[in-house]
file structure_8.txt (compact mmCIF, C-alpha atoms)
# COMPACT_ATOMS: atom_id res chain seq x y z
CA MET R 1 1.14 -1.45 4.73
CA LYS R 2 -0.98 -0.67 1.67
CA VAL R 3 0.07 2.17 -0.67
CA VAL R 4 -1.80 3.44 -3.71
CA PHE R 5 -0.21 5.75 -6.28
CA ARG R 6 -2.22 8.13 -8.47
CA ALA R 7 0.02 9.28 -11.35
CA ASP R 8 -0.07 9.40 -15.13
CA ALA R 9 2.24 9.29 -18.12
CA SER R 10 1.40 10.47 -21.63
CA LEU R 11 2.89 12.11 -24.71
CA LEU R 12 2.00 15.44 -23.08
CA ILE R 13 2.99 14.63 -19.49
CA GLY R 14 6.07 12.56 -20.22
CA SER R 15 7.27 9.64 -18.12
CA GLY R 16 8.94 11.31 -15.13
CA HIS R 17 6.01 11.19 -12.70
CA ILE R 18 5.46 7.47 -13.16
CA MET R 19 9.17 6.69 -13.03
CA ARG R 20 9.78 8.44 -9.71
CA CYS R 21 6.66 6.85 -8.23
CA LEU R 22 7.99 3.45 -9.31
CA THR R 23 11.24 4.21 -7.49
CA LEU R 24 9.34 4.94 -4.29
CA ALA R 25 7.12 1.89 -4.81
CA ASP R 26 10.18 -0.36 -5.19
CA ALA R 27 11.60 0.92 -1.90
CA LEU R 28 8.27 0.46 -0.14
CA ARG R 29 7.84 -3.05 -1.51
CA ALA R 30 11.35 -3.99 -0.36
CA ASN R 31 10.15 -3.07 3.14
CA GLY R 32 7.02 -5.18 2.99
CA ALA R 33 4.46 -2.72 1.60
CA GLU R 34 1.80 -3.68 -0.94
CA CYS R 35 1.69 -1.08 -3.73
CA ARG R 36 -0.83 -0.42 -6.50
CA PHE R 37 -1.18 2.24 -9.18
CA ILE R 38 -4.16 4.15 -10.54
CA CYS R 39 -3.38 5.51 -14.02
CA ARG R 40 -5.44 6.95 -16.85
CA ASP R 41 -5.28 5.36 -20.29
CA HIS R 42 -3.68 8.36 -22.00
CA SER R 43 -1.91 8.10 -25.33
CA GLY R 44 1.66 7.29 -24.36
CA HIS R 45 0.77 5.73 -21.00
CA LEU R 46 3.20 3.41 -19.20
CA ASN R 47 0.68 1.02 -17.69
CA GLU R 48 2.35 -2.07 -19.12
CA LEU R 49 5.71 -0.97 -17.74
CA VAL R 50 4.18 -0.59 -14.29
CA ARG R 51 2.72 -4.09 -14.54
CA ARG R 52 6.05 -5.53 -15.69
CA ARG R 53 7.60 -4.03 -12.56
CA GLY R 54 5.13 -6.15 -10.59
CA TYR R 55 2.42 -3.66 -9.61
CA PRO R 56 -1.33 -3.98 -10.26
CA VAL R 57 -2.70 -1.06 -12.29
CA HIS R 58 -6.27 0.19 -12.01
CA VAL R 59 -6.81 1.79 -15.42
CA LEU R 60 -9.07 4.83 -15.77
CA ALA R 61 -10.81 5.19 -19.12
CA ARG R 62 -9.63 7.88 -21.50
CA GLU R 63 -13.20 8.97 -22.21
CA PRO R 64 -14.81 11.28 -19.62
CA VAL R 65 -17.33 9.78 -17.21
CA GLU R 66 -20.27 11.43 -15.48
CA ALA R 67 -19.05 13.94 -12.91
CA HIS R 68 -20.27 14.16 -9.35
CA GLY R 69 -18.96 14.16 -5.80
CA LEU R 70 -16.63 17.18 -5.98
CA PRO R 71 -17.31 20.90 -6.16
CA ALA R 72 -16.51 22.66 -9.40
CA ALA R 73 -12.76 23.21 -9.69
CA ALA R 74 -11.06 26.32 -10.91
CA ASN R 75 -8.77 25.84 -13.88
CA LEU R 76 -5.19 24.88 -13.03
CA ALA R 77 -2.17 25.61 -15.19
CA HIS R 78 -1.88 21.92 -16.09
CA ALA R 79 -5.56 20.99 -15.96
CA ASP R 80 -5.45 19.51 -19.47
CA TRP R 81 -2.95 16.88 -18.29
CA LEU R 82 -5.74 15.04 -16.49
CA GLY R 83 -7.86 14.44 -19.60
CA VAL R 84 -11.05 14.86 -17.57
CA THR R 85 -12.18 17.18 -14.79
CA GLN R 86 -11.05 16.65 -11.22
CA GLU R 87 -14.66 15.79 -10.42
CA GLN R 88 -14.69 13.03 -13.02
CA ASP R 89 -11.36 11.66 -11.92
CA GLY R 90 -12.48 11.59 -8.30
CA HIS R 91 -15.68 9.80 -9.25
CA GLU R 92 -13.60 6.97 -10.74
CA VAL R 93 -10.88 6.84 -8.10
CA VAL R 94 -12.93 6.95 -4.89
CA PRO R 95 -14.54 3.49 -5.31
CA ILE R 96 -11.08 1.96 -5.79
CA LEU R 97 -9.76 3.64 -2.66
CA ARG R 98 -12.88 2.72 -0.71
CA GLU R 99 -12.30 -0.93 -1.51
CA LEU R 100 -8.55 -0.91 -0.82
CA GLN R 101 -8.48 1.44 2.20
CA PRO R 102 -4.75 2.22 1.76
CA ASP R 103 -2.51 3.40 4.57
CA TRP R 104 -0.94 5.89 2.15
CA LEU R 105 -2.24 7.52 -1.00
CA VAL R 106 0.60 9.02 -3.05
CA VAL R 107 -0.47 11.67 -5.59
CA ASP R 108 1.96 12.89 -8.26
CA HIS R 109 -0.10 14.96 -10.68
CA TYR R 110 0.02 18.65 -11.60
CA ALA R 111 -3.69 18.61 -12.51
CA LEU R 112 -4.93 17.66 -9.03
CA ASP R 113 -5.28 19.93 -6.01
CA TYR R 114 -7.09 20.19 -2.69
CA ARG R 115 -10.52 19.68 -4.27
CA TRP R 116 -9.62 16.17 -5.41
CA GLU R 117 -7.52 15.48 -2.32
CA ARG R 118 -10.31 16.49 0.06
CA VAL R 119 -12.53 13.71 -1.27
CA ALA R 120 -9.83 11.08 -1.87
CA SER R 121 -8.35 11.52 1.61
CA ARG R 122 -11.54 10.19 3.20
CA ASP R 123 -10.60 6.68 2.08
CA CYS R 124 -6.94 6.57 3.08
CA ARG R 125 -5.10 7.03 6.36
CA LYS R 126 -2.38 9.38 5.07
CA LEU R 127 -1.82 11.37 1.90
CA LEU R 128 1.53 12.21 0.30
CA VAL R 129 1.65 14.80 -2.50
CA ILE R 130 4.70 14.93 -4.79
CA ASP R 131 4.90 18.37 -6.38
CA ASP R 132 7.39 20.58 -8.21
CA LEU R 133 5.42 23.76 -8.82
CA ALA R 134 4.09 25.24 -5.56
CA ASP R 135 1.25 26.70 -7.62
CA ARG R 136 -1.87 25.22 -5.96
CA THR R 137 -3.35 24.38 -2.58
CA HIS R 138 -3.08 20.85 -1.15
CA ILE R 139 -4.70 18.87 1.63
CA CYS R 140 -2.06 16.33 2.63
CA ASP R 141 -0.03 14.94 5.50
CA LEU R 142 3.31 14.95 3.66
CA LEU R 143 4.56 17.15 0.81
CA LEU R 144 7.64 16.25 -1.24
CA ASP R 145 9.26 18.80 -3.56
CA GLN R 146 12.73 17.66 -4.60
CA ASN R 147 13.73 20.79 -6.50
CA LEU R 148 16.84 22.83 -5.92
CA GLY R 149 16.00 26.40 -4.96
CA ARG R 150 12.64 25.50 -3.47
CA ALA R 151 11.99 26.64 0.12
CA PRO R 152 9.34 25.67 2.68
CA SER R 153 8.09 29.26 2.54
CA ASP R 154 6.95 28.64 -1.06
CA TYR R 155 4.26 26.35 0.36
CA ALA R 156 3.46 28.38 3.47
CA LYS R 157 -0.01 29.36 2.27
CA LEU R 158 -0.70 26.18 0.28
CA LEU R 159 -0.63 23.45 2.95
CA PRO R 160 -2.64 22.66 6.07
CA ALA R 161 -1.15 23.15 9.51
CA GLY R 162 0.84 20.14 10.60
CA CYS R 163 1.78 19.01 7.09
CA LYS R 164 5.36 17.72 7.01
CA MET R 165 7.47 19.12 4.14
CA LEU R 166 10.41 17.32 2.55
CA ILE R 167 12.06 19.98 0.41
CA GLY R 168 15.11 19.87 -1.85
CA PRO R 169 17.27 17.41 -3.84
CA ALA R 170 18.32 15.62 -0.65
CA PHE R 171 14.91 13.93 -0.99
CA ALA R 172 15.12 13.24 -4.75
CA LEU R 173 13.55 9.89 -5.64
CA LEU R 174 16.42 8.09 -7.37
CA ARG R 175 16.76 4.38 -7.98
CA PRO R 176 19.38 2.75 -5.69
CA GLU R 177 21.80 2.03 -8.54
CA PHE R 178 22.61 5.73 -8.79
CA ALA R 179 23.83 5.95 -5.22
CA ALA R 180 25.65 2.63 -5.67
CA LEU R 181 27.61 4.00 -8.66
CA ARG R 182 28.30 7.41 -7.18
CA GLU R 183 31.80 6.67 -5.88
CA TYR R 184 32.86 5.04 -9.15
CA SER R 185 31.46 7.89 -11.24
CA LEU R 186 33.11 10.63 -9.17
CA LYS R 187 36.47 8.85 -9.14
CA ARG R 188 36.68 8.61 -12.94
CA ARG R 189 36.18 12.40 -13.19
CA GLN R 190 39.31 13.32 -11.28
CA GLN R 191 40.99 13.95 -14.64
CA PRO R 192 38.19 15.56 -16.71
CA GLN R 193 37.94 14.86 -20.43
CA LEU R 194 35.29 14.99 -23.13
CA GLY R 195 35.39 11.60 -24.82
CA SER R 196 31.86 10.33 -24.31
CA ILE R 197 28.54 12.19 -24.53
CA LEU R 198 25.12 10.95 -23.49
CA ILE R 199 21.98 12.60 -24.87
CA SER R 200 18.66 11.97 -23.12
CA MET R 201 15.69 14.30 -23.38
CA GLY R 202 13.32 12.23 -21.28
CA GLY R 203 10.88 9.52 -22.18
CA VAL R 204 9.01 11.39 -24.93
CA ASP R 205 10.86 14.46 -26.32
CA GLN R 206 7.79 15.65 -28.18
CA SER R 207 9.69 18.50 -29.90
CA ASN R 208 12.56 16.26 -31.05
CA VAL R 209 15.23 18.32 -29.32
CA THR R 210 17.41 15.21 -29.53
CA ALA R 211 17.79 15.80 -33.28
CA LYS R 212 18.78 19.42 -32.67
CA ALA R 213 21.48 18.31 -30.25
CA LEU R 214 22.89 15.86 -32.80
CA GLU R 215 22.84 18.46 -35.56
CA SER R 216 24.74 20.89 -33.36
CA LEU R 217 27.34 18.27 -32.42
CA LYS R 218 28.02 17.64 -36.12
CA ARG R 219 29.63 21.06 -36.32
CA CYS R 220 31.80 20.61 -33.21
CA ALA R 221 35.47 19.60 -33.29
CA LEU R 222 35.00 16.53 -31.13
CA PRO R 223 37.95 14.11 -30.97
CA GLU R 224 37.84 11.23 -33.46
CA SER R 225 37.61 8.76 -30.59
CA CYS R 226 34.52 10.44 -29.14
CA SER R 227 31.44 8.28 -28.70
CA ILE R 228 27.83 9.44 -28.45
CA ALA R 229 24.93 7.55 -26.88
CA VAL R 230 21.33 8.67 -27.42
CA VAL R 231 18.80 7.31 -24.92
CA MET R 232 15.10 7.46 -25.81
CA GLY R 233 11.90 6.16 -24.25
CA THR R 234 9.73 3.46 -25.76
CA LYS R 235 6.99 6.05 -26.37
CA ALA R 236 9.25 8.62 -28.06
CA PRO R 237 7.70 9.56 -31.44
CA TRP R 238 10.97 10.44 -33.22
CA VAL R 239 13.03 7.27 -32.76
CA GLU R 240 13.40 6.40 -36.45
CA GLU R 241 14.30 9.96 -37.44
CA VAL R 242 16.95 10.08 -34.72
CA ARG R 243 18.36 6.70 -35.83
CA ALA R 244 18.71 8.00 -39.38
CA LEU R 245 20.51 11.10 -38.15
CA ALA R 246 22.77 9.06 -35.86
CA ALA R 247 23.91 6.99 -38.85
CA GLU R 248 25.23 10.18 -40.48
CA MET R 249 27.28 11.32 -37.47
CA PRO R 250 31.09 11.48 -37.89
CA TRP R 251 31.51 9.65 -34.56
CA SER R 252 30.23 6.36 -33.21
CA THR R 253 26.62 7.14 -32.26
CA ASP R 254 24.28 4.57 -30.71
CA VAL R 255 20.52 5.05 -30.27
CA LEU R 256 19.24 3.12 -27.25
CA VAL R 257 15.52 2.70 -26.58
CA GLY R 258 13.95 1.67 -23.28
CA ILE R 259 17.19 0.79 -21.52
CA ASP R 260 17.41 -0.31 -17.89
CA ASP R 261 21.07 0.55 -17.22
CA MET R 262 20.88 4.34 -17.31
CA ALA R 263 22.92 4.75 -14.14
CA MET R 264 25.93 2.92 -15.55
CA ARG R 265 25.72 4.71 -18.88
CA LEU R 266 25.61 8.08 -17.14
CA ALA R 267 28.48 7.10 -14.86
CA ASN R 268 30.60 6.29 -17.92
CA SER R 269 29.72 9.56 -19.70
CA ASP R 270 31.86 12.68 -19.58
CA LEU R 271 29.00 15.03 -20.51
CA ALA R 272 25.25 14.71 -20.49
CA ILE R 273 22.89 16.65 -22.73
CA GLY R 274 19.36 16.53 -21.39
CA ALA R 275 16.22 18.24 -20.21
CA ALA R 276 16.01 20.30 -17.02
CA GLY R 277 13.58 17.82 -15.52
CA SER R 278 13.69 15.25 -12.75
CA THR R 279 16.52 13.30 -14.43
CA ALA R 280 18.77 16.23 -13.46
CA TRP R 281 19.09 14.70 -9.99
CA GLU R 282 20.40 11.46 -11.49
CA ARG R 283 23.14 13.41 -13.22
CA CYS R 284 23.94 15.33 -10.03
CA CYS R 285 24.20 12.18 -7.93
CA LEU R 286 26.86 10.85 -10.33
CA GLY R 287 28.57 14.22 -10.77
CA VAL R 288 27.94 14.33 -14.51
CA PRO R 289 28.38 17.82 -16.07
CA ALA R 290 25.35 18.70 -18.15
CA LEU R 291 23.98 20.95 -20.83
CA MET R 292 20.28 21.39 -20.23
CA ALA R 293 17.40 22.32 -22.48
CA ILE R 294 14.19 23.82 -21.11
CA LEU R 295 11.46 21.74 -22.72
CA ALA R 296 8.54 22.98 -20.61
CA ASP R 297 7.76 26.02 -18.48
CA ASN R 298 7.81 23.92 -15.30
CA GLN R 299 11.51 23.12 -15.90
CA GLN R 300 12.65 26.72 -15.57
CA VAL R 301 13.08 26.60 -11.78
CA ILE R 302 15.26 23.47 -11.93
CA GLY R 303 17.32 24.74 -14.86
CA GLN R 304 18.03 28.15 -13.42
CA ALA R 305 18.87 26.74 -9.98
CA LEU R 306 21.32 24.19 -11.38
CA GLU R 307 23.01 26.78 -13.56
CA GLY R 308 23.21 29.13 -10.59
CA ALA R 309 24.89 26.37 -8.59
CA GLY R 310 27.46 25.85 -11.34
CA ALA R 311 26.35 22.25 -11.85
CA ALA R 312 25.10 22.62 -15.42
CA ARG R 313 24.69 25.04 -18.30
CA LEU R 314 21.37 26.11 -19.80
CA VAL R 315 21.02 26.13 -23.57
CA GLY R 316 17.62 27.84 -23.73
CA TYR R 317 14.36 27.04 -25.45
CA ASP R 318 13.47 25.42 -28.77
CA ASP R 319 14.37 28.28 -31.12
CA SER R 320 17.86 28.86 -29.70
CA ILE R 321 18.81 25.37 -28.61
CA GLU R 322 20.70 24.13 -31.66
CA ALA R 323 23.16 27.03 -31.89
CA SER R 324 23.65 27.18 -28.14
CA PHE R 325 24.50 23.47 -27.85
CA GLY R 326 27.38 23.86 -30.29
CA ALA R 327 28.80 26.93 -28.58
CA GLN R 328 28.68 25.34 -25.14
CA VAL R 329 30.30 22.07 -26.26
CA THR R 330 33.08 24.00 -28.01
CA GLU R 331 33.79 25.93 -24.80
CA LEU R 332 33.95 22.74 -22.74
CA LEU R 333 36.29 21.09 -25.23
CA GLY R 334 38.83 23.80 -24.57
CA ASN R 335 38.33 23.94 -20.82
CA PRO R 336 38.48 20.54 -19.05
CA ASP R 337 38.87 22.33 -15.70
CA LEU R 338 35.37 23.71 -16.19
CA LEU R 339 34.08 20.16 -16.66
CA GLY R 340 35.71 19.21 -13.38
CA GLN R 341 34.21 22.14 -11.51
CA MET R 342 30.72 21.42 -12.88
CA SER R 343 31.10 17.82 -11.78
CA ARG R 344 32.03 18.75 -8.22
CA ASN R 345 29.22 21.28 -7.98
CA ALA R 346 26.70 18.74 -9.25
CA ALA R 347 27.86 16.05 -6.83
CA ASN R 348 27.34 18.42 -3.89
CA ILE R 349 23.62 18.73 -4.66
CA THR R 350 22.44 15.20 -3.85
CA ASP R 351 23.94 11.86 -2.85
CA GLY R 352 21.08 9.85 -4.38
CA ARG R 353 19.70 8.48 -1.11
CA GLY R 354 16.60 10.65 -0.88
CA VAL R 355 14.18 7.78 -1.36
CA LEU R 356 15.42 6.26 1.91
CA SER R 357 14.57 9.45 3.77
CA VAL R 358 11.07 9.56 2.28
CA LEU R 359 10.60 5.86 2.98
CA SER R 360 11.69 6.29 6.59
CA TRP R 361 9.14 9.03 7.20
CA MET R 362 6.30 7.06 5.57
CA MET R 363 7.08 3.86 7.47
CA GLU R 364 7.37 5.72 10.76
CA LYS R 365 3.95 7.27 10.33
call {"tool": "encode", "arguments": {"input": "structure_8.txt", "output": "structure tokens"}}
result
Amino acid sequence: MKVVFRADASLLIGSGHIMRCLTLADALRANGAECRFICRDHSGHLNELVRRRGYPVHVLAREPVEAHGLPAAANLAHADWLGVTQEQDGHEVVPILRELQPDWLVVDHYALDYRWERVASRDCRKLLVIDDLADRTHICDLLLDQNLGRAPSDYAKLLPAGCKMLIGPAFALLRPEFAALREYSLKRRQQPQLGSILISMGGVDQSNVTAKALESLKRCALPESCSIAVVMGTKAPWVEEVRALAAEMPWSTDVLVGIDDMAMRLANSDLAIGAAGSTAWERCCLGVPALMAILADNQQVIGQALEGAGAARLVGYDDSIEASFGAQVTELLGNPDLLGQMSRNAANITDGRGVLSVLSWMMEK
């Protein structure tokens, strides 16, 4: 089976779309599929990472090319994420698909909709769209939206008849090590404490919310034995500033860049501080209580749903984040039972095996 992924990473987009596509690609490859990626050469791209994981990458130029082949597209909320028009992107992608003739084309991009899909689908057997927004029309055979609080009715008018929908965190695309560590992680939380904190704001953290979290923790009465780990992506622009701040912390604070053992580090953490993005499902699988920052408008649905489920606490947007972090951590320090309840609520949301369900459906079809 041949599978082609169309997804991008950049300083604007972040790394989440590529990372979850890589998780699906790994599962497909383990079952005999041949996978390739088509990615644009944005600033902050992850093309080399994709190659290191063993997948060929067809790189699309950053500069626009002559547009033809698609009707004019209306502006989408995230149209600027593409870097070119949908018409231009299609003009570059179609020849690649025509040569490869994939069994599945997997599209994970907020800047693409039915206009692009209508043309691209002519040169593949099946099309899977991974979405989080339910804000545009698609032409696809399979739709995956892994968000808590999302319902099939949200896509009722956006999908063709006969499109299969996989909705909710039960289908979250998590690497297998998260499910493998789930039992261990949940067992160590049977007596909640707050001795280790992990901060991870995604692969980029353009607004340097990581620094705000550290500044707020400085003013908290954490135990002397507390340890803090800060995880950052290789494309994060504020690594050196965060390292300087970490050196001033009253507690042992490590800054880790581009790690490949995130599951174990989360499993050994008592509290996570992170963005309300796709990494939320990793924390839920391991039952890690979390304080979440909203770093982009498209994270509001996830953040509000997780807070409503009692699995995490929201700390707001940029202007209010620093003060809110401190207040929330102080409350948790005095209430270990609350940590335990958040952990149980989080663990009930997903068991981390969603990629197997998606894989099963794709292989069957």
call {"tool": "closest_residue", "arguments": {"input": "structure_8.txt", "among": "R:Leu222, R:Leu22, R:Ala170, R:Val106", "to": "Asn147 of chain R", "atoms": "all atoms listed in the file"}}
result
R:Ala170
call {"tool": "closest_residue", "arguments": {"input": "structure_8.txt", "among": "R:Met165, R:Glu183, R:Leu306, R:Ala247", "to": "Gly149 of chain R", "atoms": "only C-alpha atoms"}}
result
R:Leu306
call {"tool": "atom_distance", "arguments": {"input": "structure_8.txt", "atom1": "atom CA of Gln299 of chain R", "atom2": "atom CA of Lys164 of chain R"}}
result
24.3 Å
call {"tool": "atom_distance", "arguments": {"input": "structure_8.txt", "atom1": "atom CA of Glu364 of chain R", "atom2": "atom CA of Pro176 of chain R"}}
result
20.6 Å
call {"tool": "atom_distance", "arguments": {"input": "structure_8.txt", "atom1": "atom CA of Trp281 of chain R", "atom2": "atom CA of Arg51 of chain R"}}
result
25.3 Å
call {"tool": "residues_around", "arguments": {"input": "structure_8.txt", "residues": "Tyr155 of chain R", "least_positions_apart": "3", "cutoff": "12 Å", "atoms": "only C-alpha atoms", "output": "list in words"}}
result
Asp131, Asp132, Leu133, Ala134, Asp135, Arg136, Thr137, His138, Ile139, Leu142, Leu143, Leu144, Asp145, Arg150, Ala151, Pro152, Leu158, Leu159, Pro160, Ala161, Cys163, Lys164, Met165, Leu166 and Ile167 of chain R
call {"tool": "closest_residue", "arguments": {"input": "structure_8.txt", "among": "R:Val3, R:Leu181, R:Leu214, R:Ile302", "to": "Asp351 of chain R", "atoms": "all atoms listed in the file"}}
result
R:Leu181
call {"tool": "residues_around", "arguments": {"input": "structure_8.txt", "residues": "Arg243 of chain R", "least_positions_apart": "4", "cutoff": "12 Å", "atoms": "all atoms listed in the file", "output": "ChimeraX atom specification"}}
result
/R:210-211,214,229-232,237-239,247-249,253-257
